[in-house]
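Visitor: So here's run-v2.txt (compact mmCIF, C-alpha atoms and all ligand atoms).
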# COMPACT_ATOMS: atom_id res chain seq x y z
CA MET H 1372 2.27 -1.87 -21.62
CA LYS H 1373 -0.75 -2.42 -23.89
CA ASN H 1374 -1.47 -5.85 -22.42
CA LEU H 1375 -1.73 -4.48 -18.89
CA SER H 1376 -4.36 -1.87 -19.83
CA THR H 1377 -8.12 -2.38 -19.97
CA GLN H 1378 -10.97 -0.70 -21.81
CA ALA H 1379 -12.65 0.43 -18.55
CA GLU H 1380 -13.51 4.13 -18.29
CA ASN H 1381 -11.24 5.80 -15.73
CA THR H 1382 -13.35 7.62 -13.12
CA TRP H 1383 -10.59 8.98 -10.84
CA CYS H 1384 -10.62 12.79 -10.56
CA PRO H 1385 -8.40 14.44 -13.20
CA GLY H 1386 -4.97 14.92 -11.62
CA CYS H 1387 -5.54 12.39 -8.83
CA PRO H 1388 -2.16 10.83 -7.92
CA ASN H 1389 -3.81 7.41 -8.26
CA HIS H 1390 -3.17 7.85 -12.01
CA MET H 1391 0.57 7.99 -11.28
CA ILE H 1392 0.43 4.95 -9.02
CA LEU H 1393 -1.33 3.02 -11.82
CA GLU H 1394 1.33 4.14 -14.32
CA SER H 1395 4.11 3.06 -11.93
CA VAL H 1396 2.58 -0.39 -11.44
CA LYS H 1397 2.30 -0.82 -15.21
CA GLN H 1398 5.92 0.28 -15.78
CA THR H 1399 7.18 -2.07 -13.04
CA LEU H 1400 5.30 -5.12 -14.29
CA THR H 1401 6.09 -4.36 -17.94
CA LYS H 1402 9.82 -4.37 -17.12
CA LEU H 1403 9.54 -7.64 -15.19
CA ILE H 1404 7.54 -9.28 -17.99
CA GLU H 1405 9.68 -7.96 -20.86
CA SER H 1406 12.89 -9.04 -19.11
CA GLY H 1407 11.51 -12.59 -19.10
CA LYS H 1408 11.70 -12.72 -15.28
CA HIS H 1409 7.94 -13.23 -14.97
CA LYS H 1410 4.92 -13.91 -17.16
CA GLN H 1411 1.81 -11.71 -16.95
CA THR H 1412 -0.08 -14.74 -15.65
CA ASP H 1413 2.36 -15.05 -12.72
CA PHE H 1414 0.72 -11.94 -11.22
CA ALA H 1415 -2.62 -11.71 -9.43
CA ILE H 1416 -4.11 -8.79 -7.53
CA THR H 1417 -6.52 -8.15 -4.71
CA THR H 1418 -7.95 -4.71 -4.13
CA ASP H 1419 -9.90 -3.28 -1.24
CA ILE H 1420 -12.78 -0.82 -1.61
CA GLY H 1421 -12.23 2.90 -2.15
CA CYS H 1422 -10.88 5.30 -4.77
CA HIS H 1423 -7.55 3.42 -4.77
CA ALA H 1424 -9.35 0.11 -5.39
CA LYS H 1425 -10.64 1.18 -8.80
CA ILE H 1426 -7.16 0.19 -9.97
CA PHE H 1427 -8.73 -3.30 -10.20
CA ASP H 1428 -10.68 -2.16 -13.28
CA TYR H 1429 -7.67 -0.55 -14.95
CA LEU H 1430 -5.20 -3.43 -14.74
CA ASN H 1431 -5.51 -6.42 -17.03
CA LEU H 1432 -4.59 -8.92 -14.33
CA SER H 1433 -6.46 -11.74 -12.64
CA GLY H 1434 -7.69 -11.07 -9.16
CA ILE H 1435 -10.46 -10.39 -6.66
CA TYR H 1436 -12.13 -7.05 -5.86
CA CYS H 1437 -12.59 -7.71 -2.13
CA LEU H 1438 -14.86 -6.64 0.69
CA HIS H 1439 -13.73 -3.48 2.47
CA GLY H 1440 -10.84 -4.28 4.85
CA ARG H 1441 -10.38 -7.81 3.48
CA ALA H 1442 -7.91 -7.43 0.63
CA ILE H 1443 -4.98 -8.81 2.69
CA PRO H 1444 -6.59 -12.07 3.93
CA THR H 1445 -8.00 -12.70 0.44
CA ALA H 1446 -4.49 -12.35 -0.97
CA ILE H 1447 -3.13 -14.76 1.64
CA GLY H 1448 -5.88 -17.18 0.58
CA MET H 1449 -4.63 -16.92 -3.00
CA LYS H 1450 -1.12 -17.72 -1.82
CA LEU H 1451 -2.41 -20.80 0.04
CA GLY H 1452 -4.05 -21.95 -3.20
CA ASN H 1453 -1.03 -21.25 -5.39
CA PRO H 1454 2.14 -20.28 -3.49
CA ASN H 1455 3.94 -19.46 -6.75
CA LEU H 1456 1.67 -16.52 -7.63
CA LYS H 1457 3.14 -13.01 -7.31
CA VAL H 1458 0.26 -11.34 -5.48
CA LEU H 1459 -0.08 -7.56 -5.25
CA THR H 1460 -2.65 -6.11 -2.84
CA PHE H 1461 -3.92 -2.54 -3.11
CA ALA H 1462 -5.50 -0.93 -0.04
CA GLY H 1463 -6.28 2.52 1.35
CA ASP H 1464 -5.42 3.91 4.78
CA GLY H 1465 -9.08 3.57 5.76
CA ALA H 1466 -9.26 0.02 4.44
CA ALA H 1467 -6.07 -1.36 6.00
CA TYR H 1468 -5.67 0.79 9.13
CA ALA H 1469 -9.35 0.86 10.19
CA GLU H 1470 -11.62 -1.95 8.91
CA GLY H 1471 -8.71 -4.28 8.13
CA ILE H 1472 -6.28 -3.43 10.94
CA SER H 1473 -6.17 -6.94 12.43
CA HIS H 1474 -5.27 -8.42 9.03
CA PHE H 1475 -2.55 -5.77 8.59
CA ILE H 1476 -0.89 -6.77 11.90
CA HIS H 1477 -1.10 -10.54 11.39
CA ALA H 1478 0.17 -10.34 7.80
CA PHE H 1479 3.65 -9.39 9.07
CA LYS H 1480 3.71 -12.41 11.36
CA TYR H 1481 2.70 -14.86 8.60
CA ASN H 1482 5.21 -13.27 6.18
CA ALA H 1483 3.49 -14.59 3.04
CA ASP H 1484 5.53 -13.77 -0.05
CA MET H 1485 3.35 -10.94 -1.43
CA THR H 1486 3.26 -7.14 -1.68
CA LEU H 1487 0.90 -4.63 -0.03
CA ILE H 1488 0.66 -1.30 -1.86
CA LEU H 1489 -1.01 1.14 0.50
CA HIS H 1490 -2.37 4.43 -0.87
CA ASP H 1491 -2.35 6.74 2.19
CA ASN H 1492 -4.33 9.93 1.51
CA GLN H 1493 -5.24 10.33 5.22
CA SER H 1494 -8.94 10.17 4.29
CA PHE H 1495 -11.82 7.81 3.49
CA SER H 1496 -12.08 9.54 0.13
CA LEU H 1497 -14.55 7.44 -1.84
CA THR H 1498 -17.17 8.01 0.86
CA THR H 1499 -16.48 11.79 0.90
CA GLY H 1500 -13.67 12.35 3.35
CA GLN H 1501 -14.38 10.83 6.75
CA PRO H 1502 -11.25 10.72 8.95
CA THR H 1503 -9.10 7.57 8.98
CA PRO H 1504 -6.57 6.40 11.60
CA THR H 1505 -3.84 8.48 9.88
CA SER H 1506 -5.85 11.73 9.56
CA GLN H 1507 -4.24 14.66 11.36
CA GLN H 1508 -5.64 16.27 14.52
CA GLY H 1509 -8.08 19.07 13.76
CA TYR H 1510 -9.22 17.64 10.41
CA ILE H 1511 -12.81 18.84 9.97
CA SER H 1512 -15.15 16.74 7.86
CA LYS H 1513 -18.87 16.00 7.63
CA SER H 1514 -18.54 13.15 10.11
CA ALA H 1515 -16.19 15.07 12.45
CA PRO H 1516 -17.52 18.67 12.37
CA LEU H 1517 -15.54 19.63 15.48
CA GLY H 1518 -12.36 18.20 13.98
CA VAL H 1519 -10.39 15.05 14.82
CA PHE H 1520 -9.37 15.11 18.49
CA ASP H 1521 -6.91 12.19 18.47
CA LYS H 1522 -3.34 11.93 17.31
CA PRO H 1523 -2.89 9.74 14.21
CA MET H 1524 -1.50 6.23 14.40
CA ASN H 1525 1.92 5.51 12.93
CA PRO H 1526 1.58 2.41 10.68
CA ILE H 1527 5.34 2.18 10.06
CA LYS H 1528 5.96 1.82 13.82
CA LEU H 1529 3.15 -0.72 14.03
CA ALA H 1530 4.68 -2.71 11.16
CA LEU H 1531 8.08 -2.71 12.87
CA ALA H 1532 6.53 -3.85 16.15
CA SER H 1533 4.74 -6.64 14.23
CA ASN H 1534 8.04 -8.06 12.90
CA ALA H 1535 7.72 -6.78 9.33
CA THR H 1536 10.43 -7.99 6.97
CA PHE H 1537 10.04 -5.21 4.38
CA ILE H 1538 8.77 -1.67 4.98
CA ALA H 1539 9.11 1.08 2.41
CA ARG H 1540 7.63 4.49 1.79
CA THR H 1541 7.31 6.34 -1.49
CA ASN H 1542 5.63 9.40 -3.01
CA ALA H 1543 2.70 9.18 -5.43
CA ARG H 1544 4.14 12.14 -7.37
CA ASP H 1545 7.44 10.36 -8.09
CA ILE H 1546 6.99 7.64 -10.73
CA PRO H 1547 10.70 6.59 -10.98
CA HIS H 1548 10.89 6.18 -7.19
CA MET H 1549 7.66 4.18 -7.09
CA VAL H 1550 8.95 1.89 -9.87
CA GLU H 1551 12.22 1.35 -7.96
CA ILE H 1552 10.42 0.55 -4.70
CA PHE H 1553 7.75 -1.67 -6.32
CA THR H 1554 10.50 -3.65 -8.08
CA LYS H 1555 12.44 -4.18 -4.85
CA ALA H 1556 9.27 -5.09 -2.94
CA ILE H 1557 8.25 -7.71 -5.51
CA ALA H 1558 11.79 -9.18 -5.41
CA HIS H 1559 11.68 -9.39 -1.58
CA LYS H 1560 11.03 -12.90 -0.23
CA GLY H 1561 8.24 -12.30 2.27
CA PHE H 1562 5.51 -9.78 3.00
CA SER H 1563 6.50 -6.39 1.57
CA PHE H 1564 4.63 -3.31 2.75
CA ILE H 1565 4.85 -0.09 0.76
CA GLU H 1566 3.19 3.04 2.06
CA ILE H 1567 2.58 5.64 -0.64
CA ILE H 1568 2.10 9.22 0.51
CA GLN H 1569 -0.75 10.31 -1.73
CA ASP H 1570 -2.65 13.59 -1.91
CA CYS H 1571 -6.42 13.54 -2.39
CA LEU H 1572 -7.37 16.63 -4.40
CA VAL H 1573 -10.89 16.83 -2.96
CA PHE H 1574 -10.90 15.68 0.67
CA ASN H 1575 -8.50 16.49 3.54
CA ILE H 1576 -6.59 18.87 1.29
CA ASN H 1577 -4.86 20.42 4.32
CA ALA H 1578 -2.82 17.22 4.58
CA ASN H 1579 -1.50 17.67 1.01
CA ASN H 1580 1.78 19.01 -0.40
CA LYS H 1581 4.19 17.30 1.97
CA ASP H 1582 6.85 16.99 -0.76
CA LYS H 1583 9.11 19.59 0.88
CA GLN H 1584 9.33 17.41 4.00
CA MET H 1585 10.33 14.31 2.01
CA TYR H 1586 13.87 13.07 1.47
CA LYS H 1587 15.33 9.83 0.12
CA ILE H 1588 17.23 7.36 2.26
CA LYS H 1589 19.57 4.45 1.46
CA ASP H 1590 18.12 0.93 1.79
CA ASN H 1591 18.22 0.11 5.51
CA THR H 1592 18.53 -3.25 7.26
CA ASN H 1593 19.22 -1.98 10.80
CA LYS H 1594 16.25 -2.17 13.19
CA GLN H 1595 17.37 0.72 15.43
CA THR H 1596 17.86 2.98 12.42
CA ALA H 1597 14.42 1.89 11.18
CA GLU H 1598 12.86 2.88 14.50
CA LYS H 1599 14.47 6.32 14.26
CA LEU H 1600 13.26 6.72 10.66
CA ALA H 1601 9.74 5.62 11.65
CA ASN H 1602 9.62 8.32 14.32
CA GLU H 1603 10.54 11.13 11.93
CA PHE H 1604 7.02 11.48 10.49
CA ASP H 1605 4.08 11.62 12.89
CA TYR H 1606 1.34 12.02 10.20
CA ASN H 1607 0.26 15.12 12.12
CA SER H 1608 2.59 18.07 11.74
CA LYS H 1609 3.62 20.03 8.68
CA SER H 1610 7.18 20.15 9.94
CA GLY H 1611 9.68 17.35 10.40
CA LYS H 1612 11.10 15.01 7.80
CA ILE H 1613 9.44 12.21 5.84
CA PRO H 1614 11.97 9.52 4.86
CA LEU H 1615 11.30 7.75 1.54
CA GLY H 1616 12.85 4.44 0.53
CA ILE H 1617 13.37 1.07 2.18
CA ILE H 1618 12.99 1.83 5.88
CA TYR H 1619 13.62 -1.76 6.93
CA GLN H 1620 14.34 -5.09 5.28
CA SER H 1621 15.26 -8.43 6.85
CA LYS H 1622 15.22 -12.10 5.97
CA GLU H 1623 12.85 -14.50 7.71
CA PRO H 1624 11.18 -17.72 6.54
CA THR H 1625 8.07 -17.04 4.47
CA LEU H 1626 4.64 -18.56 5.05
CA GLU H 1627 5.21 -20.74 1.98
CA GLU H 1628 8.52 -22.04 3.36
CA LYS H 1629 7.12 -22.62 6.87
CA TRP H 1630 4.09 -24.68 5.80
CA PRO H 1631 5.23 -28.15 4.59
CA GLN H 1632 2.13 -28.52 2.38
CA LEU H 1633 3.05 -25.31 0.54
CA LYS H 1634 6.79 -25.89 0.48
CA THR H 1635 6.39 -28.95 -1.72
CA LYS H 1636 4.49 -26.85 -4.28
CA LEU H 1637 7.12 -24.09 -4.50
CA LYS H 1638 8.89 -23.89 -7.87
C1 LIG H 1701 -17.20 -2.83 6.12
C2 LIG H 1701 -17.42 -1.58 5.34
N1 LIG H 1701 -17.34 -0.40 5.97
C3 LIG H 1701 -17.51 0.76 5.28
C4 LIG H 1701 -17.77 0.73 3.94
C5 LIG H 1701 -17.97 2.01 3.18
N2 LIG H 1701 -16.80 2.41 2.46
C6 LIG H 1701 -16.61 2.06 1.17
S1 LIG H 1701 -15.25 2.78 0.48
C7 LIG H 1701 -14.90 3.54 1.92
C8 LIG H 1701 -13.74 4.50 1.98
C9 LIG H 1701 -12.43 3.91 1.61
O1 LIG H 1701 -11.38 4.72 2.11
P1 LIG H 1701 -9.89 4.29 1.95
O2 LIG H 1701 -9.72 2.86 2.24
O3 LIG H 1701 -9.04 5.22 2.73
O4 LIG H 1701 -9.66 4.48 0.39
P2 LIG H 1701 -9.71 5.80 -0.53
O5 LIG H 1701 -11.13 5.94 -0.98
O6 LIG H 1701 -9.25 6.96 0.28
O7 LIG H 1701 -8.78 5.46 -1.65
C10 LIG H 1701 -15.83 3.24 2.92
C11 LIG H 1701 -15.80 3.76 4.31
C12 LIG H 1701 -17.85 -0.52 3.31
N3 LIG H 1701 -18.03 -0.62 1.98
N4 LIG H 1701 -17.69 -1.66 4.02
S1 LIG H 1702 -11.68 11.84 -4.41
FE1 LIG H 1702 -9.48 12.11 -4.02
S2 LIG H 1702 -8.58 10.02 -3.99
FE2 LIG H 1702 -10.63 9.92 -4.94
S3 LIG H 1702 -10.23 10.06 -7.15
FE3 LIG H 1702 -10.69 12.15 -6.41
S4 LIG H 1702 -8.66 13.04 -5.91
FE4 LIG H 1702 -8.40 10.81 -6.08
If you convert what's in this file into structure tokens, what do you get?

Guide:
Amino acid sequence: MKNLSTQAENTWCPGCPNHMILESVKQTLTKLIESGKHKQTDFAITTDIGCHAKIFDYLNLSGIYCLHGRAIPTAIGMKLGNPNLKVLTFAGDGAAYAEGISHFIHAFKYNADMTLILHDNQSFSLTTGQPTPTSQQGYISKSAPLGVFDKPMNPIKLALASNATFIARTNARDIPHMVEIFTKAIAHKGFSFIEIIQDCLVFNINANNKDKQMYKIKDNTNKQTAEKLANEFDYNSKSGKIPLGIIYQSKEPTLEEKWPQLKTKLK
């Protein structure tokens, strides 16, 4: 684990679940490296901008700290340069569902063999809690003093409608589950999207503590079941169930397999 750590001072709030996400990433990669399956240099990361994105400074991996909303296309660029890299992208709900929403949708269509780890705290936290597309109705913040009027978007439904080949959800408080899901996502051939339900301890705290709604599902490959599972959580109410696990997985040609120029470079 030592090799994956850096000397950078950690500036996340004490107790922020981002610490547990970082730990889970380190445990996952350590296992893959120690088992001989991958070398540390096989991995590269892109991060967006936000609290989540500080993970760039805390992981001893090559990568690019991207412009806000642009972590996904930058990662796809890396894959075009070297299709054998295992690329992990870290983004927030503001980053990927607001500024970067077009990249989020098109990424499923391209199906590049990479992993998107999305820290959803239902808030633009680094910039002090403005509402994001997944913030709940009524959320009052400095930029929405009358509260959010609109219903939140459902990114899992959007991913399904965009022909995603791997959609999973996990809980930032559950390290073993995150490690299991990260490992399966990295093994998936294609674009794997993991949504992590993450509390922010400072902003939008009314959205926190959803653990009682969460339950674990078996890995699912049936599209109709996936649609039902996607509908169970509306990002809005404090009732209803939140399924955790692989919501949908299917096999489709990857970007690297579809492009003849890249196919010849695949090891
Ligand atoms: C194009 C652009 N728009 C807005 C900003 C300002 N900005 C920087 S970080 C941030 C919030 C990030 O929120 P999110 O992606 O949800 O991540 P979190 O901080 O919650 O982890 C914003 C709005 C920016 N840097 N660039
Ligand atoms: S503001 Fe929220 S998301 Fe950012 S480090 Fe603090 S607890 Fe974590």

Visitor: Atom O4 of ligand LIG 1701 (chain H) and CA of Lys1397 in chain H, how far apart in Å?

Guide: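 One can read the CA of Lys1397 in chain H to atom O4 of ligand LIG 1701 (chain H) distance as 20.4 Å.
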
Visitor: Env of Ile1618 in chain H: 8 Å cut, atoms = all atoms listed in the file, seq-sep filter 4 positions within chain, self excluded. Answer as a PyMOL selection string.

Guide: chain H and resi 1537-1540+1588+1590-1592+1597+1600-1601+1614

Visitor: Let me have all residues with an atom within 6 Å of ligand LIG 1701 (chain H), counting all atoms listed in the file, laid out as a list in words.

Guide: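 Residues satisfying the distance criterion: Ile1420, Gly1421, Cys1422, His1423, His1439, Gly1463, Asp1464, Gly1465, Ala1466, Asn1492, Ser1494, Phe1495, Ser1496, Leu1497 and Thr1498 of chain H.
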
Visitor: Let's have the selection written as a short mmCIF file (atom, residue, chain, number, x, y, z; two decimals), in the coordinates of the input, with C-alpha atoms.

Guide:
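Once everything was written out, this is again12.cif:
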data_model
loop_
_atom_site.label_atom_id
_atom_site.label_comp_id
_atom_site.auth_asym_id
_atom_site.auth_seq_id
_atom_site.Cartn_x
_atom_site.Cartn_y
_atom_site.Cartn_z
CA ILE H 1420 -12.78 -0.82 -1.61
CA GLY H 1421 -12.23 2.90 -2.15
CA CYS H 1422 -10.88 5.30 -4.77
CA HIS H 1423 -7.55 3.42 -4.77
CA HIS H 1439 -13.73 -3.48 2.47
CA GLY H 1463 -6.28 2.52 1.35
CA ASP H 1464 -5.42 3.91 4.78
CA GLY H 1465 -9.08 3.57 5.76
CA ALA H 1466 -9.26 0.02 4.44
CA ASN H 1492 -4.33 9.93 1.51
CA SER H 1494 -8.94 10.17 4.29
CA PHE H 1495 -11.82 7.81 3.49
CA SER H 1496 -12.08 9.54 0.13
CA LEU H 1497 -14.55 7.44 -1.84
CA THR H 1498 -17.17 8.01 0.86
#

Visitor: Which centre and which edge lengths, in Å to one decimal, describe the axis-aligned box that holds all listed atoms of ligand LIG 1702 (chain H) after 4 Å is added on each side, as lines of an AutoDock Vina configuration file?

Guide:
center_x = -10.0
center_y = 11.5
center_z = -5.6
size_x = 11.3
size_y = 11.1
size_z = 11.2

Visitor: Can I get the residues close to ligand LIG 1702 (chain H) as a VMD selection string, where close means within 10 Å and we count all atoms listed in the file?

Guide: chain H and resid 1381 to 1390 1421 to 1425 1463 1490 to 1500 1569 to 1576

Visitor: Under the rule that only C-alpha atoms are counted, which of H:Asn1374, H:Thr1417, H:Gln1632, H:Thr1399 is the nearest residue to Ile1546 in chain H?

Guide: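 Nearest candidate to Ile1546 in chain H out of H:Asn1374, H:Thr1417, H:Gln1632, H:Thr1399: H:Thr1399.
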
Visitor: Take the structure in the block and write a file for range 1414-1447 of chain H, N, CA and C atoms, as a CSV table (one decimal), in the first residue's frame.

Guide:
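Saved result, result_34.csv, follows:
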chain,number,residue,atom,x,y,z
H,1414,PHE,N,-1.7,1.5,-14.4
H,1414,PHE,CA,-2.9,2.3,-14.1
H,1414,PHE,C,-2.5,3.8,-14.3
H,1415,ALA,N,-3.6,4.5,-14.8
H,1415,ALA,CA,-3.4,6.0,-14.9
H,1415,ALA,C,-4.8,6.5,-14.5
H,1416,ILE,N,-4.8,7.8,-13.9
H,1416,ILE,CA,-6.0,8.4,-13.4
H,1416,ILE,C,-6.3,9.7,-14.1
H,1417,THR,N,-7.6,10.1,-14.2
H,1417,THR,CA,-7.9,11.4,-14.4
H,1417,THR,C,-8.9,11.8,-13.3
H,1418,THR,N,-8.8,13.1,-12.9
H,1418,THR,CA,-9.7,13.5,-11.9
H,1418,THR,C,-10.3,14.8,-12.4
H,1419,ASP,N,-11.5,15.1,-11.9
H,1419,ASP,CA,-12.2,16.3,-12.2
H,1419,ASP,C,-11.8,17.4,-11.2
H,1420,ILE,N,-12.6,18.4,-11.0
H,1420,ILE,CA,-12.3,19.4,-10.0
H,1420,ILE,C,-13.4,19.4,-8.9
H,1421,GLY,N,-13.0,19.4,-7.7
H,1421,GLY,CA,-13.9,19.4,-6.5
H,1421,GLY,C,-13.3,18.7,-5.4
H,1422,CYS,N,-14.0,18.5,-4.3
H,1422,CYS,CA,-13.4,17.8,-3.1
H,1422,CYS,C,-12.9,16.5,-3.5
H,1423,HIS,N,-13.8,15.7,-4.2
H,1423,HIS,CA,-13.4,14.3,-4.6
H,1423,HIS,C,-12.1,14.3,-5.4
H,1424,ALA,N,-11.9,15.4,-6.2
H,1424,ALA,CA,-10.7,15.4,-7.1
H,1424,ALA,C,-9.4,15.5,-6.4
H,1425,LYS,N,-9.4,15.9,-5.2
H,1425,LYS,CA,-8.1,16.0,-4.4
H,1425,LYS,C,-7.5,14.6,-4.3
H,1426,ILE,N,-8.3,13.5,-4.6
H,1426,ILE,CA,-7.7,12.2,-4.6
H,1426,ILE,C,-6.5,12.1,-5.5
H,1427,PHE,N,-6.4,13.0,-6.5
H,1427,PHE,CA,-5.3,13.0,-7.4
H,1427,PHE,C,-4.0,13.2,-6.6
H,1428,ASP,N,-4.0,14.1,-5.6
H,1428,ASP,CA,-2.8,14.3,-4.9
H,1428,ASP,C,-2.4,13.2,-3.9
H,1429,TYR,N,-3.4,12.3,-3.6
H,1429,TYR,CA,-3.2,11.3,-2.6
H,1429,TYR,C,-2.9,10.0,-3.1
H,1430,LEU,N,-2.9,9.8,-4.5
H,1430,LEU,CA,-2.6,8.5,-5.1
H,1430,LEU,C,-1.3,8.7,-5.9
H,1431,ASN,N,-0.4,7.8,-5.7
H,1431,ASN,CA,0.9,7.8,-6.4
H,1431,ASN,C,0.7,7.1,-7.7
H,1432,LEU,N,-0.1,7.7,-8.6
H,1432,LEU,CA,-0.3,7.1,-9.9
H,1432,LEU,C,-0.2,8.2,-11.0
H,1433,SER,N,0.2,7.9,-12.2
H,1433,SER,CA,0.3,8.9,-13.2
H,1433,SER,C,-1.1,9.3,-13.6
H,1434,GLY,N,-1.2,10.5,-14.1
H,1434,GLY,CA,-2.5,11.0,-14.6
H,1434,GLY,C,-2.6,12.5,-14.9
H,1435,ILE,N,-3.8,13.0,-15.0
H,1435,ILE,CA,-4.1,14.4,-15.3
H,1435,ILE,C,-5.2,14.9,-14.5
H,1436,TYR,N,-4.9,16.0,-13.8
H,1436,TYR,CA,-5.9,16.7,-13.0
H,1436,TYR,C,-6.6,17.7,-14.0
H,1437,CYS,N,-7.9,17.3,-14.3
H,1437,CYS,CA,-8.5,17.9,-15.5
H,1437,CYS,C,-9.2,19.2,-15.2
H,1438,LEU,N,-9.7,19.9,-16.3
H,1438,LEU,CA,-10.6,21.0,-16.2
H,1438,LEU,C,-12.0,20.4,-15.7
H,1439,HIS,N,-12.7,21.3,-15.0
H,1439,HIS,CA,-14.0,20.9,-14.4
H,1439,HIS,C,-14.9,20.3,-15.5
H,1440,GLY,N,-15.5,19.1,-15.4
H,1440,GLY,CA,-16.4,18.5,-16.3
H,1440,GLY,C,-15.7,17.8,-17.4
H,1441,ARG,N,-14.3,17.8,-17.4
H,1441,ARG,CA,-13.6,17.2,-18.6
H,1441,ARG,C,-12.8,16.0,-18.2
H,1442,ALA,N,-13.0,15.3,-17.1
H,1442,ALA,CA,-12.2,14.2,-16.7
H,1442,ALA,C,-12.5,13.0,-17.6
H,1443,ILE,N,-13.7,12.8,-18.1
H,1443,ILE,CA,-14.0,11.7,-18.9
H,1443,ILE,C,-13.4,11.8,-20.3
H,1444,PRO,N,-13.6,12.9,-21.0
H,1444,PRO,CA,-12.9,12.9,-22.4
H,1444,PRO,C,-11.4,12.9,-22.3
H,1445,THR,N,-10.8,13.4,-21.2
H,1445,THR,CA,-9.4,13.3,-21.1
H,1445,THR,C,-8.9,11.9,-20.9
H,1446,ALA,N,-9.7,11.1,-20.1
H,1446,ALA,CA,-9.4,9.7,-20.0
H,1446,ALA,C,-9.5,9.0,-21.3
H,1447,ILE,N,-10.6,9.3,-22.1
H,1447,ILE,CA,-10.7,8.6,-23.4
H,1447,ILE,C,-9.5,9.0,-24.3
